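Have a look at protein_21.txt; it's compact mmCIF, N, CA and C atoms:
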# COMPACT_ATOMS: atom_id res chain seq x y z
N MET F 842 -23.24 16.19 14.70
CA MET F 842 -22.34 15.38 13.89
C MET F 842 -20.92 15.91 14.07
N PRO F 843 -19.90 15.02 14.22
CA PRO F 843 -18.54 15.48 14.43
C PRO F 843 -17.97 16.16 13.19
N LYS F 844 -16.99 17.04 13.44
CA LYS F 844 -16.34 17.75 12.35
C LYS F 844 -15.54 16.76 11.49
N GLN F 845 -15.62 16.91 10.18
CA GLN F 845 -14.93 16.01 9.26
C GLN F 845 -13.43 16.26 9.32
N ALA F 846 -12.65 15.19 9.37
CA ALA F 846 -11.19 15.31 9.40
C ALA F 846 -10.70 15.91 8.09
N ALA F 847 -9.65 16.70 8.16
CA ALA F 847 -9.09 17.34 6.97
C ALA F 847 -8.64 16.30 5.95
N ALA F 848 -8.12 15.19 6.43
CA ALA F 848 -7.64 14.14 5.52
C ALA F 848 -8.77 13.59 4.66
N LEU F 849 -9.97 13.52 5.21
CA LEU F 849 -11.10 13.00 4.44
C LEU F 849 -11.50 13.93 3.30
N SER F 850 -11.28 15.22 3.49
CA SER F 850 -11.61 16.17 2.43
C SER F 850 -10.61 16.09 1.28
N LYS F 851 -9.45 15.48 1.53
CA LYS F 851 -8.42 15.34 0.50
C LYS F 851 -8.36 13.92 -0.07
N LEU F 852 -9.36 13.12 0.22
CA LEU F 852 -9.41 11.74 -0.25
C LEU F 852 -9.46 11.72 -1.78
N PRO F 853 -8.52 11.04 -2.43
CA PRO F 853 -8.56 10.97 -3.89
C PRO F 853 -9.84 10.29 -4.38
N PRO F 854 -10.38 10.74 -5.49
CA PRO F 854 -11.62 10.16 -6.01
C PRO F 854 -11.54 8.64 -6.23
N GLN F 855 -10.40 8.14 -6.73
CA GLN F 855 -10.28 6.70 -6.95
C GLN F 855 -10.28 5.93 -5.63
N THR F 856 -9.78 6.54 -4.57
CA THR F 856 -9.81 5.91 -3.26
C THR F 856 -11.24 5.88 -2.73
N GLN F 857 -11.98 6.96 -2.94
CA GLN F 857 -13.38 6.99 -2.54
C GLN F 857 -14.17 5.90 -3.27
N ARG F 858 -13.91 5.77 -4.57
CA ARG F 858 -14.59 4.73 -5.35
C ARG F 858 -14.22 3.34 -4.85
N ALA F 859 -12.97 3.14 -4.46
CA ALA F 859 -12.55 1.84 -3.92
C ALA F 859 -13.27 1.53 -2.62
N LEU F 860 -13.41 2.53 -1.75
CA LEU F 860 -14.15 2.33 -0.51
C LEU F 860 -15.62 2.04 -0.77
N GLU F 861 -16.18 2.72 -1.74
CA GLU F 861 -17.58 2.46 -2.10
C GLU F 861 -17.75 1.04 -2.62
N ALA F 862 -16.79 0.59 -3.43
CA ALA F 862 -16.85 -0.78 -3.93
C ALA F 862 -16.71 -1.79 -2.79
N LEU F 863 -15.79 -1.53 -1.87
CA LEU F 863 -15.61 -2.40 -0.71
C LEU F 863 -16.90 -2.46 0.11
N GLY F 864 -17.48 -1.32 0.39
CA GLY F 864 -18.73 -1.28 1.14
C GLY F 864 -19.84 -2.03 0.44
N SER F 865 -19.93 -1.84 -0.87
CA SER F 865 -20.94 -2.54 -1.65
C SER F 865 -20.73 -4.05 -1.62
N HIS F 866 -19.48 -4.47 -1.74
CA HIS F 866 -19.17 -5.91 -1.68
C HIS F 866 -19.52 -6.49 -0.31
N LEU F 867 -19.27 -5.73 0.74
CA LEU F 867 -19.62 -6.20 2.08
C LEU F 867 -21.14 -6.28 2.25
N ALA F 868 -21.85 -5.35 1.64
CA ALA F 868 -23.32 -5.40 1.69
C ALA F 868 -23.84 -6.62 0.94
N VAL F 869 -23.28 -6.89 -0.23
CA VAL F 869 -23.68 -8.08 -1.00
C VAL F 869 -23.40 -9.34 -0.20
N ALA F 870 -22.23 -9.40 0.44
CA ALA F 870 -21.89 -10.57 1.26
C ALA F 870 -22.91 -10.76 2.38
N ARG F 871 -23.34 -9.67 3.00
CA ARG F 871 -24.33 -9.75 4.07
C ARG F 871 -25.65 -10.26 3.54
N VAL F 872 -26.09 -9.70 2.42
CA VAL F 872 -27.37 -10.09 1.83
C VAL F 872 -27.35 -11.55 1.37
N ARG F 873 -26.25 -11.97 0.75
CA ARG F 873 -26.14 -13.36 0.30
C ARG F 873 -26.19 -14.33 1.46
N ARG F 874 -25.74 -13.87 2.63
CA ARG F 874 -25.79 -14.72 3.83
C ARG F 874 -27.14 -14.57 4.57
N LYS F 875 -28.02 -13.79 3.94
CA LYS F 875 -29.37 -13.57 4.48
C LYS F 875 -29.37 -13.01 5.90
N GLU F 876 -28.43 -12.07 6.14
CA GLU F 876 -28.35 -11.40 7.43
C GLU F 876 -29.00 -10.04 7.33
N SER F 877 -29.75 -9.67 8.33
CA SER F 877 -30.35 -8.34 8.36
C SER F 877 -29.29 -7.32 8.78
N LEU F 878 -29.60 -6.05 8.55
CA LEU F 878 -28.71 -4.99 9.01
C LEU F 878 -28.51 -5.08 10.52
N ALA F 879 -29.59 -5.35 11.24
CA ALA F 879 -29.51 -5.41 12.71
C ALA F 879 -28.59 -6.55 13.16
N THR F 880 -28.72 -7.71 12.53
CA THR F 880 -27.89 -8.86 12.92
C THR F 880 -26.43 -8.59 12.61
N ARG F 881 -26.15 -8.08 11.41
CA ARG F 881 -24.75 -7.82 11.03
C ARG F 881 -24.17 -6.71 11.90
N ALA F 882 -24.95 -5.68 12.17
CA ALA F 882 -24.46 -4.59 13.01
C ALA F 882 -24.08 -5.12 14.39
N LYS F 883 -24.91 -5.99 14.93
CA LYS F 883 -24.62 -6.57 16.25
C LYS F 883 -23.35 -7.41 16.19
N ARG F 884 -23.17 -8.19 15.13
CA ARG F 884 -21.98 -9.04 15.01
C ARG F 884 -20.71 -8.21 14.83
N VAL F 885 -20.81 -7.10 14.11
CA VAL F 885 -19.65 -6.21 13.91
C VAL F 885 -19.41 -5.38 15.16
N GLY F 886 -20.46 -5.14 15.93
CA GLY F 886 -20.32 -4.34 17.15
C GLY F 886 -20.54 -2.87 16.92
N VAL F 887 -21.42 -2.53 15.97
CA VAL F 887 -21.70 -1.13 15.65
C VAL F 887 -23.20 -0.92 15.58
N SER F 888 -23.60 0.33 15.44
CA SER F 888 -25.01 0.64 15.27
C SER F 888 -25.41 0.38 13.81
N ILE F 889 -26.70 0.28 13.58
CA ILE F 889 -27.20 0.09 12.21
C ILE F 889 -26.78 1.25 11.31
N PRO F 890 -26.90 2.51 11.76
CA PRO F 890 -26.46 3.62 10.89
C PRO F 890 -24.97 3.53 10.53
N THR F 891 -24.15 3.11 11.47
CA THR F 891 -22.71 2.97 11.16
C THR F 891 -22.50 1.87 10.14
N LEU F 892 -23.19 0.75 10.29
CA LEU F 892 -23.08 -0.33 9.31
C LEU F 892 -23.53 0.16 7.94
N MET F 893 -24.59 0.91 7.89
CA MET F 893 -25.08 1.44 6.62
C MET F 893 -24.04 2.39 6.00
N ARG F 894 -23.39 3.21 6.83
CA ARG F 894 -22.34 4.10 6.33
C ARG F 894 -21.17 3.29 5.79
N MET F 895 -20.81 2.20 6.49
CA MET F 895 -19.72 1.35 6.02
C MET F 895 -20.09 0.73 4.67
N GLU F 896 -21.30 0.24 4.55
CA GLU F 896 -21.74 -0.42 3.32
C GLU F 896 -21.88 0.58 2.16
N SER F 897 -21.91 1.86 2.47
CA SER F 897 -21.94 2.87 1.41
C SER F 897 -20.53 3.39 1.11
N GLY F 898 -19.54 2.91 1.86
CA GLY F 898 -18.15 3.30 1.60
C GLY F 898 -17.72 4.58 2.28
N ASP F 899 -18.34 4.92 3.38
CA ASP F 899 -18.00 6.14 4.11
C ASP F 899 -16.56 6.04 4.64
N PRO F 900 -15.67 6.95 4.22
CA PRO F 900 -14.29 6.89 4.67
C PRO F 900 -14.09 7.24 6.14
N ALA F 901 -15.12 7.83 6.76
CA ALA F 901 -15.00 8.18 8.18
C ALA F 901 -15.22 6.98 9.09
N VAL F 902 -15.72 5.88 8.53
CA VAL F 902 -15.90 4.67 9.33
C VAL F 902 -14.52 4.07 9.60
N SER F 903 -14.30 3.68 10.83
CA SER F 903 -13.00 3.15 11.26
C SER F 903 -12.57 1.93 10.45
N ILE F 904 -11.27 1.86 10.19
CA ILE F 904 -10.73 0.69 9.49
C ILE F 904 -10.97 -0.58 10.30
N GLY F 905 -11.04 -0.45 11.62
CA GLY F 905 -11.31 -1.60 12.46
C GLY F 905 -12.69 -2.19 12.19
N ILE F 906 -13.64 -1.33 11.87
CA ILE F 906 -14.99 -1.80 11.55
C ILE F 906 -14.98 -2.53 10.21
N TYR F 907 -14.29 -1.94 9.23
CA TYR F 907 -14.15 -2.63 7.94
C TYR F 907 -13.45 -3.98 8.15
N ALA F 908 -12.41 -4.00 8.98
CA ALA F 908 -11.66 -5.23 9.24
C ALA F 908 -12.53 -6.30 9.89
N THR F 909 -13.37 -5.89 10.82
CA THR F 909 -14.26 -6.85 11.48
C THR F 909 -15.26 -7.41 10.47
N ALA F 910 -15.78 -6.54 9.61
CA ALA F 910 -16.73 -7.01 8.59
C ALA F 910 -16.04 -7.98 7.63
N LEU F 911 -14.80 -7.71 7.29
CA LEU F 911 -14.03 -8.64 6.44
C LEU F 911 -13.78 -9.96 7.16
N TRP F 912 -13.49 -9.89 8.45
CA TRP F 912 -13.28 -11.10 9.24
C TRP F 912 -14.53 -11.98 9.25
N LEU F 913 -15.69 -11.36 9.34
CA LEU F 913 -16.94 -12.11 9.36
C LEU F 913 -17.16 -12.92 8.09
N ILE F 914 -16.57 -12.48 6.98
CA ILE F 914 -16.73 -13.23 5.73
C ILE F 914 -15.44 -13.97 5.35
N GLY F 915 -14.50 -14.03 6.31
CA GLY F 915 -13.27 -14.79 6.09
C GLY F 915 -12.28 -14.15 5.14
N ARG F 916 -12.30 -12.82 5.03
CA ARG F 916 -11.41 -12.13 4.10
C ARG F 916 -10.44 -11.18 4.78
N ASP F 917 -10.36 -11.23 6.10
CA ASP F 917 -9.48 -10.31 6.83
C ASP F 917 -8.00 -10.58 6.56
N GLY F 918 -7.65 -11.76 6.12
CA GLY F 918 -6.25 -12.07 5.81
C GLY F 918 -5.69 -11.22 4.69
N GLU F 919 -6.56 -10.70 3.85
CA GLU F 919 -6.12 -9.83 2.75
C GLU F 919 -5.56 -8.51 3.25
N LEU F 920 -5.96 -8.09 4.43
CA LEU F 920 -5.51 -6.80 4.96
C LEU F 920 -3.99 -6.73 5.08
N ALA F 921 -3.37 -7.81 5.51
CA ALA F 921 -1.91 -7.80 5.69
C ALA F 921 -1.19 -7.67 4.35
N ARG F 922 -1.81 -8.09 3.28
CA ARG F 922 -1.16 -8.05 1.97
C ARG F 922 -1.37 -6.72 1.23
N ILE F 923 -2.30 -5.92 1.68
CA ILE F 923 -2.62 -4.68 0.96
C ILE F 923 -1.40 -3.79 0.77
N ALA F 924 -0.64 -3.56 1.82
CA ALA F 924 0.54 -2.69 1.73
C ALA F 924 1.83 -3.47 1.87
N SER F 925 1.80 -4.73 1.50
CA SER F 925 2.98 -5.58 1.62
C SER F 925 4.14 -5.00 0.80
N PRO F 926 5.34 -4.97 1.36
CA PRO F 926 6.48 -4.35 0.68
C PRO F 926 6.76 -4.89 -0.72
N GLU F 927 6.52 -6.17 -0.95
CA GLU F 927 6.83 -6.72 -2.28
C GLU F 927 5.87 -6.22 -3.36
N PHE F 928 4.77 -5.59 -2.96
CA PHE F 928 3.84 -5.05 -3.94
C PHE F 928 3.87 -3.52 -3.99
N ASP F 929 4.80 -2.91 -3.26
CA ASP F 929 4.92 -1.45 -3.21
C ASP F 929 5.76 -0.99 -4.40
N LYS F 930 5.08 -0.70 -5.51
CA LYS F 930 5.77 -0.35 -6.75
C LYS F 930 6.67 0.88 -6.60
N GLY F 931 6.19 1.87 -5.88
CA GLY F 931 7.00 3.08 -5.70
C GLY F 931 8.31 2.79 -5.00
N ALA F 932 8.26 2.00 -3.94
CA ALA F 932 9.49 1.65 -3.21
C ALA F 932 10.38 0.76 -4.06
N LEU F 933 9.78 -0.15 -4.81
CA LEU F 933 10.58 -1.02 -5.68
C LEU F 933 11.31 -0.20 -6.74
N GLU F 934 10.63 0.80 -7.29
CA GLU F 934 11.26 1.67 -8.27
C GLU F 934 12.42 2.44 -7.65
N LEU F 935 12.24 2.89 -6.40
CA LEU F 935 13.34 3.58 -5.71
C LEU F 935 14.51 2.63 -5.48
N ASP F 936 14.21 1.40 -5.08
CA ASP F 936 15.27 0.41 -4.87
C ASP F 936 16.04 0.18 -6.16
N ILE F 937 15.34 0.08 -7.26
CA ILE F 937 15.99 -0.14 -8.56
C ILE F 937 16.85 1.06 -8.92
N GLN F 938 16.31 2.27 -8.73
CA GLN F 938 17.09 3.47 -9.05
C GLN F 938 18.33 3.57 -8.17
N GLN F 939 18.20 3.24 -6.88
CA GLN F 939 19.36 3.26 -5.99
C GLN F 939 20.40 2.24 -6.43
N ALA F 940 19.95 1.07 -6.88
CA ALA F 940 20.89 0.04 -7.36
C ALA F 940 21.60 0.53 -8.62
N ILE F 941 20.87 1.19 -9.51
CA ILE F 941 21.48 1.73 -10.73
C ILE F 941 22.51 2.79 -10.37
N ASP F 942 22.13 3.70 -9.47
CA ASP F 942 23.05 4.76 -9.05
C ASP F 942 24.30 4.18 -8.39
N LEU F 943 24.12 3.14 -7.55
CA LEU F 943 25.26 2.49 -6.91
C LEU F 943 26.15 1.85 -7.96
N GLY F 944 25.54 1.19 -8.93
CA GLY F 944 26.32 0.56 -10.00
C GLY F 944 27.13 1.59 -10.77
N LYS F 945 26.52 2.73 -11.08
CA LYS F 945 27.23 3.80 -11.80
C LYS F 945 28.38 4.34 -10.96
N ALA F 946 28.14 4.53 -9.65
CA ALA F 946 29.18 5.06 -8.77
C ALA F 946 30.35 4.07 -8.68
N ARG F 947 30.04 2.79 -8.58
CA ARG F 947 31.10 1.77 -8.51
C ARG F 947 31.87 1.70 -9.82
N ALA F 948 31.16 1.80 -10.94
CA ALA F 948 31.84 1.77 -12.24
C ALA F 948 32.77 2.97 -12.39
N LYS F 949 32.31 4.13 -11.94
CA LYS F 949 33.13 5.35 -12.01
C LYS F 949 34.36 5.21 -11.12
N ALA F 950 34.17 4.69 -9.91
CA ALA F 950 35.30 4.49 -9.00
C ALA F 950 36.28 3.46 -9.56
N ALA F 951 35.77 2.41 -10.16
CA ALA F 951 36.65 1.39 -10.75
C ALA F 951 37.42 1.98 -11.92
N HIS F 952 36.79 2.83 -12.72
CA HIS F 952 37.45 3.46 -13.85
C HIS F 952 38.59 4.36 -13.36
N LYS F 953 38.34 5.11 -12.28
CA LYS F 953 39.40 5.96 -11.72
C LYS F 953 40.55 5.12 -11.20
N THR F 954 40.23 4.01 -10.54
CA THR F 954 41.27 3.12 -10.01
C THR F 954 42.12 2.56 -11.14
N ARG F 955 41.47 2.14 -12.22
CA ARG F 955 42.21 1.60 -13.37
C ARG F 955 43.09 2.67 -13.99
N ALA F 956 42.62 3.90 -14.04
CA ALA F 956 43.40 4.99 -14.62
C ALA F 956 44.65 5.25 -13.79
N VAL F 957 44.56 5.16 -12.47
CA VAL F 957 45.71 5.37 -11.59
C VAL F 957 46.69 4.23 -11.77
N VAL F 958 46.23 3.01 -11.85
CA VAL F 958 47.10 1.83 -11.98
C VAL F 958 47.79 1.83 -13.33
N LYS F 959 47.17 2.34 -14.38
CA LYS F 959 47.72 2.30 -15.73
C LYS F 959 48.66 3.45 -16.05
N LYS F 960 48.93 4.35 -15.10
CA LYS F 960 49.84 5.46 -15.37
C LYS F 960 51.18 4.88 -15.75
N PRO F 961 51.80 5.42 -16.78
CA PRO F 961 53.10 4.88 -17.22
C PRO F 961 54.17 5.09 -16.14
N ALA F 962 55.05 4.09 -16.06
CA ALA F 962 56.16 4.17 -15.10
C ALA F 962 57.14 5.23 -15.58
N ALA F 963 57.89 5.79 -14.66
CA ALA F 963 58.86 6.84 -15.01
C ALA F 963 59.89 6.25 -15.96
N GLU F 964 60.30 7.05 -16.93
CA GLU F 964 61.32 6.62 -17.90
C GLU F 964 62.64 6.38 -17.17
N PRO F 965 63.36 5.31 -17.53
CA PRO F 965 64.65 5.10 -16.88
C PRO F 965 65.59 6.25 -17.25
N SER F 966 66.37 6.62 -16.31
CA SER F 966 67.27 7.75 -16.55
C SER F 966 68.46 7.31 -17.39
N ALA F 967 69.06 8.24 -18.09
CA ALA F 967 70.18 7.96 -18.99
C ALA F 967 71.43 7.59 -18.22
N GLU F 968 71.44 7.87 -16.92
CA GLU F 968 72.62 7.59 -16.14
C GLU F 968 72.81 6.10 -15.92
N GLN F 969 71.79 5.32 -16.06
CA GLN F 969 71.93 3.89 -15.76
C GLN F 969 72.59 3.17 -16.82
When written as structure tokens, how does the structure in this file appear?
Amino acid sequence: MPKQAAALSKLPPQTQRALEALGSHLAVARVRRKESLATRAKRVGVSIPTLMRMESGDPAVSIGIYATALWLIGRDGELARIASPEFDKGALELDIQQAIDLGKARAKAAHKTRAVVKKPAAEPSAEQ
């Protein structure tokens, strides 16, 4: 058996549970379509043990195998939306913070500009 990748040992528990749920859903989809493990494995292009590992949510199974299984049930289009920028909350929060910081910087610069413009003019000299 190949050595486990270091990244797999650091897999967050909620991510492992999500993969297990995905695998379980793919297994249910196969069973509802009355396909045997052998038939589905052949259609996905993998061995029966690999299909069984995928259906159990094994994170070492290639994303391409998961993608092919999703394609077989007409759900591969969801893959493009998973990490879509408009749903990336962390990046959106950074964008908002950068906009706030920019607004503060512009307000500060505008305040300095107004302070320079509002300096009183020199008093007229008594000689005039």
Please return the centre and edge lengths, in Å to one decimal, of a box with edges along x, y and z that contains all listed atoms of stretch 845-861 of chain F, widened by 5 Å on every side, as AutoDock Vina command-line options.
--center_x -12.7 --center_y 9.2 --center_z 1.6 --size_x 20.1 --size_y 26.3 --size_z 27.1
Separation of atom CA of F:Met895 from atom CA of F:Glu861 in Å: 8.5 Å
Distance of atom N of F:Thr909 from atom CA of F:Val872, expressed in Å to one decimal place: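 One can read the atom CA of F:Val872 to atom N of F:Thr909 distance as 17.2 Å.
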Expected answer as a PDB file with N, CA and C atoms, keeping the file's coordinate frame: all residues with atoms within 12 Å of (-16.3, -4.0, -3.4), only C-alpha atoms:
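Output below, filename part_15.pdb:
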ATOM      1  N   THR F 856      -9.780   6.540  -4.570  1.00  0.00           N
ATOM      2  CA  THR F 856      -9.810   5.910  -3.260  1.00  0.00           C
ATOM      3  C   THR F 856     -11.240   5.880  -2.730  1.00  0.00           C
ATOM      4  N   GLN F 857     -11.980   6.960  -2.940  1.00  0.00           N
ATOM      5  CA  GLN F 857     -13.380   6.990  -2.540  1.00  0.00           C
ATOM      6  C   GLN F 857     -14.170   5.900  -3.270  1.00  0.00           C
ATOM      7  N   ARG F 858     -13.910   5.770  -4.570  1.00  0.00           N
ATOM      8  CA  ARG F 858     -14.590   4.730  -5.350  1.00  0.00           C
ATOM      9  C   ARG F 858     -14.220   3.340  -4.850  1.00  0.00           C
ATOM     10  N   ALA F 859     -12.970   3.140  -4.460  1.00  0.00           N
ATOM     11  CA  ALA F 859     -12.550   1.840  -3.920  1.00  0.00           C
ATOM     12  C   ALA F 859     -13.270   1.530  -2.620  1.00  0.00           C
ATOM     13  N   LEU F 860     -13.410   2.530  -1.750  1.00  0.00           N
ATOM     14  CA  LEU F 860     -14.150   2.330  -0.510  1.00  0.00           C
ATOM     15  C   LEU F 860     -15.620   2.040  -0.770  1.00  0.00           C
ATOM     16  N   GLU F 861     -16.180   2.720  -1.740  1.00  0.00           N
ATOM     17  CA  GLU F 861     -17.580   2.460  -2.100  1.00  0.00           C
ATOM     18  C   GLU F 861     -17.750   1.040  -2.620  1.00  0.00           C
ATOM     19  N   ALA F 862     -16.790   0.590  -3.430  1.00  0.00           N
ATOM     20  CA  ALA F 862     -16.850  -0.780  -3.930  1.00  0.00           C
ATOM     21  C   ALA F 862     -16.710  -1.790  -2.790  1.00  0.00           C
ATOM     22  N   LEU F 863     -15.790  -1.530  -1.870  1.00  0.00           N
ATOM     23  CA  LEU F 863     -15.610  -2.400  -0.710  1.00  0.00           C
ATOM     24  C   LEU F 863     -16.900  -2.460   0.110  1.00  0.00           C
ATOM     25  N   GLY F 864     -17.480  -1.320   0.390  1.00  0.00           N
ATOM     26  CA  GLY F 864     -18.730  -1.280   1.140  1.00  0.00           C
ATOM     27  C   GLY F 864     -19.840  -2.030   0.440  1.00  0.00           C
ATOM     28  N   SER F 865     -19.930  -1.840  -0.870  1.00  0.00           N
ATOM     29  CA  SER F 865     -20.940  -2.540  -1.650  1.00  0.00           C
ATOM     30  C   SER F 865     -20.730  -4.050  -1.620  1.00  0.00           C
ATOM     31  N   HIS F 866     -19.480  -4.470  -1.740  1.00  0.00           N
ATOM     32  CA  HIS F 866     -19.170  -5.910  -1.680  1.00  0.00           C
ATOM     33  C   HIS F 866     -19.520  -6.490  -0.310  1.00  0.00           C
ATOM     34  N   LEU F 867     -19.270  -5.730   0.740  1.00  0.00           N
ATOM     35  CA  LEU F 867     -19.620  -6.200   2.080  1.00  0.00           C
ATOM     36  C   LEU F 867     -21.140  -6.280   2.250  1.00  0.00           C
ATOM     37  N   ALA F 868     -21.850  -5.350   1.640  1.00  0.00           N
ATOM     38  CA  ALA F 868     -23.320  -5.400   1.690  1.00  0.00           C
ATOM     39  C   ALA F 868     -23.840  -6.620   0.940  1.00  0.00           C
ATOM     40  N   VAL F 869     -23.280  -6.890  -0.230  1.00  0.00           N
ATOM     41  CA  VAL F 869     -23.680  -8.080  -1.000  1.00  0.00           C
ATOM     42  C   VAL F 869     -23.400  -9.340  -0.200  1.00  0.00           C
ATOM     43  N   ALA F 870     -22.230  -9.400   0.440  1.00  0.00           N
ATOM     44  CA  ALA F 870     -21.890 -10.570   1.260  1.00  0.00           C
ATOM     45  C   ALA F 870     -22.910 -10.760   2.380  1.00  0.00           C
ATOM     46  N   MET F 895     -20.810   2.200   6.490  1.00  0.00           N
ATOM     47  CA  MET F 895     -19.720   1.350   6.020  1.00  0.00           C
ATOM     48  C   MET F 895     -20.090   0.730   4.670  1.00  0.00           C
ATOM     49  N   GLU F 896     -21.300   0.240   4.550  1.00  0.00           N
ATOM     50  CA  GLU F 896     -21.740  -0.420   3.320  1.00  0.00           C
ATOM     51  C   GLU F 896     -21.880   0.580   2.160  1.00  0.00           C
ATOM     52  N   SER F 897     -21.910   1.860   2.470  1.00  0.00           N
ATOM     53  CA  SER F 897     -21.940   2.870   1.410  1.00  0.00           C
ATOM     54  C   SER F 897     -20.530   3.390   1.110  1.00  0.00           C
ATOM     55  N   GLY F 898     -19.540   2.910   1.860  1.00  0.00           N
ATOM     56  CA  GLY F 898     -18.150   3.300   1.600  1.00  0.00           C
ATOM     57  C   GLY F 898     -17.720   4.580   2.280  1.00  0.00           C
ATOM     58  N   TYR F 907     -14.290  -1.940   9.230  1.00  0.00           N
ATOM     59  CA  TYR F 907     -14.150  -2.630   7.940  1.00  0.00           C
ATOM     60  C   TYR F 907     -13.450  -3.980   8.150  1.00  0.00           C
ATOM     61  N   LEU F 911     -14.800  -7.710   7.290  1.00  0.00           N
ATOM     62  CA  LEU F 911     -14.030  -8.640   6.440  1.00  0.00           C
ATOM     63  C   LEU F 911     -13.780  -9.960   7.160  1.00  0.00           C
TER      64      LEU F 911
END
In chain F, DSSP alpha helix (DSSP H) residues written as a ChimeraX atom specification: /F:847-850,854-873,878-885,889-896,904-913,920-923,930-958
Point-to-point distance from atom CA of F:Pro854 to atom N of F:Pro900, Å rounded to tenths: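 Spanning atom CA of F:Pro854 to atom N of F:Pro900 is a straight-line distance of 11.5 Å.
Excluding F:Ala908 itself and any same-chain residue fewer than 2 positions from it, the protein and nucleic acid residues within 10 Å of it, counting only C-alpha atoms, are F:Val885, F:Ser903, F:Ile904, F:Gly905, F:Ile906, F:Ala910, F:Leu911, F:Trp912, F:Leu913, F:Arg916, F:Asp917, F:Gly918, F:Glu919, F:Leu920.
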For F:Ile914, the nearest of the candidates F:Arg871, F:Gln855, F:Asp899, F:Met893, counting only C-alpha atoms: F:Arg871
